[in-house]
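The data block below is final_34.tsv; it holds TSV, C-alpha atoms.
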chain	number	residue	atom	x	y	z
W	1	PRO	CA	-0.07	-7.64	52.11
W	2	GLY	CA	1.03	-10.49	49.85
W	3	GLY	CA	-2.51	-10.89	48.47
W	4	LEU	CA	-2.82	-7.13	47.89
W	5	SER	CA	0.53	-7.04	46.05
W	6	HIS	CA	-0.54	-9.95	43.87
W	7	THR	CA	-3.84	-8.19	43.09
W	8	LEU	CA	-2.08	-4.94	42.15
W	9	GLN	CA	0.37	-6.87	39.98
W	10	MET	CA	-2.46	-8.62	38.11
W	11	SER	CA	-4.32	-5.31	37.70
W	12	PHE	CA	-1.25	-3.62	36.22
W	13	ALA	CA	-0.69	-6.57	33.90
W	14	ARG	CA	-4.27	-6.34	32.67
W	15	ARG	CA	-3.80	-2.65	31.93
W	16	LEU	CA	-0.64	-3.43	29.96
W	17	LEU	CA	-2.48	-6.11	28.01
W	18	LEU	CA	-5.31	-3.69	27.17
W	19	ILE	CA	-2.78	-1.09	26.00
W	20	ALA	CA	-1.05	-3.67	23.80
W	21	LEU	CA	-4.33	-4.86	22.29
W	22	ALA	CA	-5.50	-1.29	21.73
W	23	GLN	CA	-2.33	-0.52	19.81
W	24	VAL	CA	-2.50	-3.65	17.70
W	25	PHE	CA	-6.17	-3.31	16.82
W	26	ALA	CA	-6.17	0.46	16.30
W	27	PRO	CA	-8.08	1.51	13.16
W	28	VAL	CA	-5.90	0.80	10.12
W	29	ILE	CA	-6.91	2.10	6.70
W	30	GLY	CA	-5.03	0.43	3.84
W	31	PHE	CA	-5.98	1.37	0.27
W	32	GLY	CA	-4.80	2.04	-3.24
W	33	PHE	CA	-5.77	4.95	-5.48
W	34	THR	CA	-4.82	6.98	-8.55
W	35	VAL	CA	-3.60	10.59	-8.62
W	36	GLU	CA	-4.21	12.07	-12.05
W	37	ALA	CA	-1.57	14.17	-13.83
W	38	GLY	CA	-1.70	17.73	-12.58
W	39	GLY	CA	-4.18	16.76	-9.87
W	40	LYS	CA	-4.38	16.21	-6.13
W	41	THR	CA	-6.10	13.56	-4.00
W	42	CYS	CA	-6.86	14.25	-0.32
W	43	PHE	CA	-8.21	12.16	2.55
W	44	ASP	CA	-9.75	13.41	5.81
W	45	GLU	CA	-9.21	11.71	9.16
W	46	THR	CA	-11.02	12.73	12.34
W	47	VAL	CA	-8.53	12.48	15.21
W	48	LYS	CA	-8.81	13.15	18.93
W	49	SER	CA	-6.16	15.06	20.83
W	50	SER	CA	-3.18	12.92	21.97
W	51	GLU	CA	-4.05	10.10	19.56
W	52	ARG	CA	-1.24	8.78	17.42
W	53	VAL	CA	-1.49	9.08	13.65
W	54	SER	CA	0.90	7.18	11.40
W	55	GLY	CA	1.03	6.31	7.74
W	56	ASP	CA	3.07	4.71	4.99
W	57	TRP	CA	2.73	5.38	1.27
W	58	ARG	CA	4.44	4.27	-1.92
W	59	VAL	CA	4.12	5.14	-5.61
W	60	ILE	CA	3.59	1.87	-7.50
W	61	SER	CA	3.57	3.01	-11.11
W	62	GLY	CA	3.13	5.97	-13.42
W	63	GLY	CA	6.03	7.63	-15.22
W	64	VAL	CA	8.55	9.16	-12.83
W	65	LEU	CA	7.67	7.59	-9.48
W	66	ASP	CA	7.37	10.70	-7.32
W	67	LEU	CA	4.70	12.70	-5.49
W	68	ASP	CA	4.33	15.67	-3.15
W	69	VAL	CA	2.65	14.68	0.13
W	70	GLU	CA	1.38	16.92	2.94
W	71	VAL	CA	-0.44	16.27	6.22
W	72	THR	CA	-2.26	19.31	7.60
W	73	SER	CA	-3.65	19.75	11.13
W	74	PRO	CA	-7.07	21.32	11.92
W	75	SER	CA	-5.28	24.64	12.54
W	76	GLY	CA	-3.65	24.53	9.07
W	77	GLU	CA	-0.18	23.57	10.30
W	78	HIS	CA	1.84	21.19	8.10
W	79	VAL	CA	2.79	18.32	10.39
W	80	TYR	CA	4.37	16.34	7.52
W	81	SER	CA	5.65	17.33	4.11
W	82	ALA	CA	7.51	15.49	1.33
W	83	GLU	CA	8.44	16.69	-2.15
W	84	ARG	CA	9.20	14.53	-5.17
W	85	GLU	CA	9.41	11.33	-3.13
W	86	ALA	CA	8.60	7.79	-4.33
W	87	ALA	CA	7.74	6.52	-0.84
W	88	GLY	CA	7.59	7.76	2.71
W	89	SER	CA	6.10	7.46	6.18
W	90	PHE	CA	4.95	9.75	8.96
W	91	ALA	CA	3.96	9.43	12.63
W	92	PHE	CA	2.88	12.02	15.18
W	93	PHE	CA	0.62	12.55	18.18
W	94	ALA	CA	-2.29	14.89	17.51
W	95	THR	CA	-2.06	18.13	19.47
W	96	ASP	CA	-5.57	19.23	18.48
W	97	SER	CA	-8.83	17.36	18.04
W	98	GLY	CA	-10.40	17.70	14.62
W	99	THR	CA	-9.90	16.79	10.99
W	100	TYR	CA	-6.41	16.08	9.70
W	101	VAL	CA	-6.02	16.16	5.91
W	102	VAL	CA	-3.56	13.94	4.00
W	103	CYS	CA	-2.99	15.19	0.43
W	104	PHE	CA	-1.12	13.50	-2.43
W	105	SER	CA	-0.23	15.96	-5.22
W	106	ASN	CA	0.80	15.09	-8.77
W	107	ALA	CA	0.84	18.73	-9.91
W	108	ARG	CA	4.34	18.46	-11.39
W	109	ALA	CA	3.26	15.79	-13.90
W	110	THR	CA	1.69	16.74	-17.24
W	111	GLN	CA	0.75	13.32	-18.64
W	112	ALA	CA	1.30	10.30	-16.40
W	113	ALA	CA	-1.01	9.49	-13.50
W	114	ARG	CA	0.43	7.90	-10.36
W	115	GLU	CA	-0.79	4.64	-8.83
W	116	VAL	CA	-0.34	4.84	-5.04
W	117	SER	CA	-0.60	2.31	-2.21
W	118	ALA	CA	-1.06	3.76	1.28
W	119	LYS	CA	-1.81	2.74	4.85
W	120	ILE	CA	-3.00	5.11	7.57
W	121	THR	CA	-3.33	4.14	11.24
W	122	VAL	CA	-5.34	6.29	13.64
W	123	GLY	CA	-5.86	5.82	17.37
W	124	GLU	CA	-2.69	4.15	18.61
W	125	GLN	CA	-1.80	5.21	22.12
W	126	GLY	CA	1.67	5.59	23.56
W	127	ASP	CA	3.41	2.35	24.34
W	128	GLY	CA	2.88	1.97	28.06
W	129	VAL	CA	4.98	-1.16	28.11
W	130	GLU	CA	8.08	0.74	26.99
W	131	LEU	CA	7.55	3.37	29.68
W	132	ALA	CA	8.07	0.91	32.47
W	133	LYS	CA	11.61	0.11	33.54
W	134	ALA	CA	12.81	-3.38	32.76
W	135	GLU	CA	13.76	-4.16	36.33
W	136	GLN	CA	10.19	-3.37	37.48
W	137	LEU	CA	8.47	-5.75	35.11
W	138	ALA	CA	7.17	-8.99	36.58
W	139	PRO	CA	7.31	-12.24	34.53
W	140	LEU	CA	3.65	-11.85	33.60
W	141	GLU	CA	4.30	-8.33	32.33
W	142	ASP	CA	7.21	-9.63	30.26
W	143	ARG	CA	4.89	-12.12	28.62
W	144	VAL	CA	2.43	-9.32	27.85
W	145	LYS	CA	5.23	-7.34	26.25
W	146	ARG	CA	6.28	-10.30	24.10
W	147	LEU	CA	2.65	-10.87	23.11
W	148	HIS	CA	2.36	-7.23	22.12
W	149	THR	CA	5.53	-7.42	20.00
W	150	SER	CA	4.34	-10.62	18.31
W	151	MET	CA	0.98	-9.10	17.43
W	152	ILE	CA	2.63	-6.04	15.89
W	153	SER	CA	4.93	-8.30	13.86
W	154	VAL	CA	1.99	-10.38	12.61
W	155	ARG	CA	0.08	-7.26	11.59
W	156	ASP	CA	3.08	-5.83	9.73
W	157	LEU	CA	3.66	-9.18	8.00
W	158	GLN	CA	0.01	-9.30	6.88
W	159	ASP	CA	0.28	-5.76	5.49
W	160	GLN	CA	3.46	-6.68	3.63
W	161	GLN	CA	1.90	-9.84	2.19
W	162	ARG	CA	-1.14	-7.87	1.06
W	163	GLU	CA	1.05	-5.34	-0.74
W	164	GLN	CA	3.02	-8.16	-2.39
W	165	ASP	CA	-0.22	-9.85	-3.49
W	166	GLU	CA	-1.44	-6.59	-5.01
W	167	GLU	CA	1.85	-6.14	-6.85
W	168	ARG	CA	1.76	-9.73	-8.17
W	169	TYR	CA	-1.85	-9.25	-9.29
W	170	ARG	CA	-0.91	-6.05	-11.13
W	171	VAL	CA	2.03	-7.74	-12.89
W	172	THR	CA	-0.10	-10.79	-13.78
W	173	SER	CA	-2.88	-8.63	-15.21
W	174	GLN	CA	-0.40	-6.64	-17.28
W	175	THR	CA	1.21	-9.85	-18.57
W	176	ARG	CA	-2.18	-11.26	-19.55
W	177	ARG	CA	-2.97	-8.10	-21.51
W	178	TRP	CA	0.33	-8.31	-23.37
W	179	LEU	CA	-0.28	-12.00	-24.16
W	180	LEU	CA	-3.78	-11.20	-25.45
W	181	TRP	CA	-2.51	-8.49	-27.77
W	182	PHE	CA	0.35	-10.72	-28.92
W	183	THR	CA	-2.11	-13.53	-29.71
W	184	VAL	CA	-4.34	-11.15	-31.68
W	185	LEU	CA	-1.33	-9.81	-33.59
W	186	GLU	CA	-0.10	-13.34	-34.28
W	187	ALA	CA	-3.51	-14.39	-35.60
W	188	PHE	CA	-3.66	-11.30	-37.81
W	189	VAL	CA	-0.21	-12.04	-39.25
W	190	LEU	CA	-1.13	-15.69	-39.94
W	191	VAL	CA	-4.34	-14.67	-41.71
W	192	ALA	CA	-2.48	-12.05	-43.75
W	193	VAL	CA	0.24	-14.53	-44.78
W	194	SER	CA	-2.37	-17.15	-45.69
W	195	LEU	CA	-4.28	-14.68	-47.85
W	196	TRP	CA	-1.04	-13.59	-49.54
W	197	GLN	CA	-0.13	-17.22	-50.31
W	198	ILE	CA	-3.58	-17.89	-51.76
W	199	LEU	CA	-3.47	-14.79	-53.95
W	200	TYR	CA	0.09	-15.52	-55.06
W	201	LEU	CA	-0.68	-19.11	-56.04
W	202	LYS	CA	-3.84	-18.01	-57.80
W	203	SER	CA	-1.99	-15.41	-59.85
W	204	PHE	CA	0.83	-17.89	-60.57
W	205	PHE	CA	-1.52	-20.49	-62.04
W	206	GLU	CA	-3.42	-17.88	-64.02
W	207	VAL	CA	-0.18	-16.65	-65.62
W	208	LYS	CA	0.88	-20.23	-66.35
W	209	ARG	CA	-2.51	-20.99	-67.94
W	210	VAL	CA	-2.16	-17.98	-70.23
W	211	VAL	CA	1.29	-19.09	-71.33

Would you mind writing the structure in this file as structure tokens?
Amino acid sequence: PGGLSHTLQMSFARRLLLIALAQVFAPVIGFGFTVEAGGKTCFDETVKSSERVSGDWRVISGGVLDLDVEVTSPSGEHVYSAEREAAGSFAFFATDSGTYVVCFSNARATQAAREVSAKITVGEQGDGVELAKAEQLAPLEDRVKRLHTSMISVRDLQDQQREQDEERYRVTSQTRRWLLWFTVLEAFVLVAVSLWQILYLKSFFEVKRVV
């Protein structure tokens, strides 16, 4: 009986570990894109029934930082909706298998396009570790739970660092463009002043020679 109990305990722990790894390494789609003024950008995701779908999005730049966002199920039901928001997130378990559509609308804008950063995760299963009662977890199962939490934290930290790197790159690129234009303007002013000085001195000496 002791050996059988130990075997069952190890088997349950392996299942918990597989659940944790499946959640951590679920397909994650992180990307950036532009929504033109008066336009709409949509993305399709094929999802199986009972799979978890989650996403985060944020407007990075472009006039008034707001968008209308909708997530539509295969049956046409709106499972998520946001109006005039600068950032947001959604999470749900798919009730139907099929194509879920995530749309970002900039229809309210007439001139400025919106730069958007988004992350969509598809395929996470329910957290089996949280379903178990604490008093029923063996030490090995506790370690699996801590490992699962650590992996999720590492993944979130990597996503945050990537977004910060993208933001720093955008600011650096914009600063370089401003410096380039400033240098060109400065060179133009120096050339113009030099030409003016030459013409002024030339005219001054010509007048003096006449006198």

* To do: Using only C-alpha atoms, determine which residues lie at most 8 Å from Phe33 of chain W, disregarding the query and same-chain residues fewer than 4 positions distant; provide the list as a PyMOL selection string.
  => chain W and resi 115-117

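Shortest separation to Cys103 of chain W among W:Ser203, W:Thr149, W:Gln174, W:Ser73 occurs at residue W:Ser73, atoms counted being all atoms listed in the file.
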
* **Surrounding residues of Gly38 of chain W excluding itself and chain neighbours under 6 positions, 10 Å, all atoms listed in the file, as number ranges by chain** => W: 105-113

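Near segment 160-171 of chain W, within a cut-off of 12 Å and counting all atoms listed in the file, sit the residues Gly30, Phe31, Gly32, Asp56, Trp57, Arg58, Val59, Ile60, Ser61, Glu115, Val116, Ser117, Ala118, Lys119, Ser153, Val154, Arg177 and Trp178 of chain W, with same-chain residues fewer than 6 positions away left out.
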
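If you look at atom CA of Val71 of chain W and atom CA of Gly88 of chain W, they are 12.2 Å away from each other.
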
* Pairwise distance for atom CA of Thr172 of chain W and atom CA of Arg155 of chain W, rounded to one decimal in Å -> 25.6 Å

Taking every listed atom of segment 49-62 of chain W and adding 3 Å to each side, what centre and edge lengths in Å (one decimal) does the axis-aligned box have, as JSON?
{"center_x": -0.9, "center_y": 8.5, "center_z": 4.3, "size_x": 16.6, "size_y": 19.2, "size_z": 41.4}

* Structure fact -> Pairwise distance, atom CA of Thr121 of chain W with atom CA of Glu51 of chain W, equals 10.3 Å

Can you pull out every residue within 10 Å of Ala82 of chain W, counting all atoms listed in the file, but drop anything in the same chain fewer than 2 positions away, and send it as an mmCIF file with C-alpha atoms, keeping the file's coordinate frame?
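Produced file out23.cif, reproduced below:
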data_model
loop_
_atom_site.group_PDB
_atom_site.id
_atom_site.type_symbol
_atom_site.label_atom_id
_atom_site.label_comp_id
_atom_site.auth_asym_id
_atom_site.auth_seq_id
_atom_site.Cartn_x
_atom_site.Cartn_y
_atom_site.Cartn_z
ATOM 1 C CA ASP W 66 7.370 10.700 -7.320
ATOM 2 C CA LEU W 67 4.700 12.700 -5.490
ATOM 3 C CA ASP W 68 4.330 15.670 -3.150
ATOM 4 C CA VAL W 69 2.650 14.680 0.130
ATOM 5 C CA GLU W 70 1.380 16.920 2.940
ATOM 6 C CA VAL W 71 -0.440 16.270 6.220
ATOM 7 C CA TYR W 80 4.370 16.340 7.520
ATOM 8 C CA ARG W 84 9.200 14.530 -5.170
ATOM 9 C CA GLU W 85 9.410 11.330 -3.130
ATOM 10 C CA ALA W 86 8.600 7.790 -4.330
ATOM 11 C CA ALA W 87 7.740 6.520 -0.840
ATOM 12 C CA GLY W 88 7.590 7.760 2.710
ATOM 13 C CA SER W 89 6.100 7.460 6.180
ATOM 14 C CA PHE W 90 4.950 9.750 8.960
ATOM 15 C CA PHE W 104 -1.120 13.500 -2.430
#

* To do: For each of W:Glu83, W:Val47, W:Met151, W:Asp156, take the minimum atom-to-atom distance to Ser97 of chain W, counting only C-alpha atoms, then give the residue where this is smallest.
  => W:Val47

* Please identify all polymer residues within 12 Å of Tyr100 of chain W, counting only C-alpha atoms, omitting same-chain residues fewer than 4 positions from it, and present them as a PyMOL selection string. => chain W and resi 42-49+51-54+70-80+92-96+120+122

Now that the selection is made, can you save its residues with C-alpha atoms as an mmCIF file, in the coordinates of the input?
data_model
loop_
_atom_site.group_PDB
_atom_site.id
_atom_site.type_symbol
_atom_site.label_atom_id
_atom_site.label_comp_id
_atom_site.auth_asym_id
_atom_site.auth_seq_id
_atom_site.Cartn_x
_atom_site.Cartn_y
_atom_site.Cartn_z
ATOM 1 C CA CYS W 42 -6.860 14.250 -0.320
ATOM 2 C CA PHE W 43 -8.210 12.160 2.550
ATOM 3 C CA ASP W 44 -9.750 13.410 5.810
ATOM 4 C CA GLU W 45 -9.210 11.710 9.160
ATOM 5 C CA THR W 46 -11.020 12.730 12.340
ATOM 6 C CA VAL W 47 -8.530 12.480 15.210
ATOM 7 C CA LYS W 48 -8.810 13.150 18.930
ATOM 8 C CA SER W 49 -6.160 15.060 20.830
ATOM 9 C CA GLU W 51 -4.050 10.100 19.560
ATOM 10 C CA ARG W 52 -1.240 8.780 17.420
ATOM 11 C CA VAL W 53 -1.490 9.080 13.650
ATOM 12 C CA SER W 54 0.900 7.180 11.400
ATOM 13 C CA GLU W 70 1.380 16.920 2.940
ATOM 14 C CA VAL W 71 -0.440 16.270 6.220
ATOM 15 C CA THR W 72 -2.260 19.310 7.600
ATOM 16 C CA SER W 73 -3.650 19.750 11.130
ATOM 17 C CA PRO W 74 -7.070 21.320 11.920
ATOM 18 C CA SER W 75 -5.280 24.640 12.540
ATOM 19 C CA GLY W 76 -3.650 24.530 9.070
ATOM 20 C CA GLU W 77 -0.180 23.570 10.300
ATOM 21 C CA HIS W 78 1.840 21.190 8.100
ATOM 22 C CA VAL W 79 2.790 18.320 10.390
ATOM 23 C CA TYR W 80 4.370 16.340 7.520
ATOM 24 C CA PHE W 92 2.880 12.020 15.180
ATOM 25 C CA PHE W 93 0.620 12.550 18.180
ATOM 26 C CA ALA W 94 -2.290 14.890 17.510
ATOM 27 C CA THR W 95 -2.060 18.130 19.470
ATOM 28 C CA ASP W 96 -5.570 19.230 18.480
ATOM 29 C CA ILE W 120 -3.000 5.110 7.570
ATOM 30 C CA VAL W 122 -5.340 6.290 13.640
#

For segment 77-90 of chain W, where the input has fewer atoms than it should, I would like N, CA and C atoms rebuilt and written as a PDB file, in the coordinates of the input.
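Once written, rebuild_35.pdb looks like this:
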ATOM      1  N   GLU W  77      -1.615  23.802  10.191  1.00  0.00           N
ATOM      2  CA  GLU W  77      -0.180  23.570  10.300  1.00  0.00           C
ATOM      3  C   GLU W  77       0.211  22.308   9.548  1.00  0.00           C
ATOM      4  N   HIS W  78       1.334  22.354   8.818  1.00  0.00           N
ATOM      5  CA  HIS W  78       1.840  21.190   8.100  1.00  0.00           C
ATOM      6  C   HIS W  78       2.658  20.338   9.083  1.00  0.00           C
ATOM      7  N   VAL W  79       2.095  19.207   9.461  1.00  0.00           N
ATOM      8  CA  VAL W  79       2.790  18.320  10.390  1.00  0.00           C
ATOM      9  C   VAL W  79       3.688  17.323   9.657  1.00  0.00           C
ATOM     10  N   TYR W  80       3.499  17.212   8.338  1.00  0.00           N
ATOM     11  CA  TYR W  80       4.370  16.340   7.520  1.00  0.00           C
ATOM     12  C   TYR W  80       4.366  16.884   6.105  1.00  0.00           C
ATOM     13  N   SER W  81       5.540  16.841   5.477  1.00  0.00           N
ATOM     14  CA  SER W  81       5.650  17.330   4.110  1.00  0.00           C
ATOM     15  C   SER W  81       6.766  16.585   3.399  1.00  0.00           C
ATOM     16  N   ALA W  82       6.503  16.166   2.158  1.00  0.00           N
ATOM     17  CA  ALA W  82       7.510  15.490   1.330  1.00  0.00           C
ATOM     18  C   ALA W  82       7.347  15.976  -0.103  1.00  0.00           C
ATOM     19  N   GLU W  83       8.463  16.204  -0.785  1.00  0.00           N
ATOM     20  CA  GLU W  83       8.440  16.690  -2.150  1.00  0.00           C
ATOM     21  C   GLU W  83       9.229  15.739  -3.054  1.00  0.00           C
ATOM     22  N   ARG W  84       8.575  15.375  -4.159  1.00  0.00           N
ATOM     23  CA  ARG W  84       9.200  14.530  -5.170  1.00  0.00           C
ATOM     24  C   ARG W  84       9.784  13.253  -4.572  1.00  0.00           C
ATOM     25  N   GLU W  85       8.993  12.585  -3.757  1.00  0.00           N
ATOM     26  CA  GLU W  85       9.410  11.330  -3.130  1.00  0.00           C
ATOM     27  C   GLU W  85       8.617  10.170  -3.729  1.00  0.00           C
ATOM     28  N   ALA W  86       9.265   8.988  -3.821  1.00  0.00           N
ATOM     29  CA  ALA W  86       8.600   7.790  -4.330  1.00  0.00           C
ATOM     30  C   ALA W  86       7.909   7.012  -3.223  1.00  0.00           C
ATOM     31  N   ALA W  87       8.332   7.212  -1.973  1.00  0.00           N
ATOM     32  CA  ALA W  87       7.740   6.520  -0.840  1.00  0.00           C
ATOM     33  C   ALA W  87       8.076   7.299   0.420  1.00  0.00           C
ATOM     34  N   GLY W  88       7.321   7.058   1.471  1.00  0.00           N
ATOM     35  CA  GLY W  88       7.590   7.760   2.710  1.00  0.00           C
ATOM     36  C   GLY W  88       6.683   7.277   3.831  1.00  0.00           C
ATOM     37  N   SER W  89       6.911   7.815   5.018  1.00  0.00           N
ATOM     38  CA  SER W  89       6.100   7.460   6.180  1.00  0.00           C
ATOM     39  C   SER W  89       6.084   8.645   7.134  1.00  0.00           C
ATOM     40  N   PHE W  90       5.058   8.687   7.968  1.00  0.00           N
ATOM     41  CA  PHE W  90       4.950   9.750   8.960  1.00  0.00           C
ATOM     42  C   PHE W  90       4.295   9.194  10.219  1.00  0.00           C
TER      43      PHE W  90
END
